[in-house]
Amino acid sequence: MRASPALIECSAGARELAEAGPRQRRGEPIVEGTQDPDDDAALLERIVARDACSVSVLYDRHARLLFNLILRILRDRADAEDVLQEVFVAVWTRAESYNPTLGPPAAWLVRIARNRAIDRFRANAARGRLADASQDQPAAAPAPGPEDRHDVVRALGVLPPEQRELVEQAYFMGLTHAELAIRFGLPLGTVKTRVRNGLLALRAHFQQMFVER
């Protein structure tokens, strides 16, 4: 597992949290390796205020747990290391989205790590399916050229953004309608309608393109 990235000079508050370790509540023993969620929440507040050192402190506290989780999903160390870095980039850019009513910061980190790992797993699987499909083609079949790739990009470009993003994630990342509904916070019926309309628009675009050729 990679070491935490070098960050800018720590604020005094972040250094205090890093050096203090877990706080002992009255009547409770300190358990080795645990961290007070109040301390983690304070770090997230400092990250929202753009204190980069707090990301490093949070990394040191939780990276091992998150890495092991990601590795169990991906079963590839290099991919797991990449995803772990993505998790903490997301922490830096989305710390303000943490909602304490949904659980402690550690649970929030676990959700991000799990979702990122599943996304990577599905993307890898999709690439594998495309590679297998290409191997099944007759040897004489021409490989897609720059013009073909341009056609696909241009076709997706005709879709409204709300349709294009759903179609891309459904068919390139393998997300189901239900998963898309959760990810984008949309009703399931809305997701199905947008994906269906997007596919119909793509079909019409390609039919028109073939007629013109």
# chains A, B, ... in the order shown; residues from 1 in each chain; ligands from 1
>>> residues_around(residues="Phe184 in chain A", least_positions_apart="2", cutoff="12 Å", atoms="only C-alpha atoms", output="PyMOL selection string")
chain A and resi 162-163+165-166+169+175+177-182+186-188+190-191
>>> residues_around(residues="range 46-50 of chain A", least_positions_apart="4", cutoff="10 Å", atoms="only C-alpha atoms", output="short mmCIF file (atom, residue, chain, number, x, y, z; two decimals) with C-alpha atoms, in the first residue's frame")
data_model
loop_
_atom_site.label_atom_id
_atom_site.label_comp_id
_atom_site.auth_asym_id
_atom_site.auth_seq_id
_atom_site.Cartn_x
_atom_site.Cartn_y
_atom_site.Cartn_z
CA SER A 11 -2.55 23.43 10.82
CA GLY A 13 -5.41 21.85 15.14
CA ALA A 14 -4.75 18.99 12.73
CA ASP A 40 -12.66 12.32 12.47
CA ALA A 41 -15.57 14.74 12.12
CA ALA A 42 -13.29 17.58 13.21
CA SER A 54 -6.11 16.82 7.69
CA VAL A 55 -6.48 14.55 4.66
CA LEU A 58 -7.40 10.85 8.03
CA VAL A 91 -12.61 13.14 0.47
CA TRP A 92 -10.71 16.31 -0.40
CA THR A 93 -13.22 17.39 -3.04
CA ARG A 94 -16.46 16.21 -1.38
CA ALA A 95 -15.89 16.51 2.37
CA GLU A 96 -18.81 18.90 2.66
CA SER A 97 -21.16 16.11 1.51
#
>>> closest_residue(among="A:Leu43, A:Ile73, A:Ala63, A:Ala107", to="Asn124 in chain A", atoms="only C-alpha atoms")
A:Ile73
>>> atom_distance(atom1="CA of Trp108 in chain A", atom2="CA of Val167 in chain A")
27.3 Å
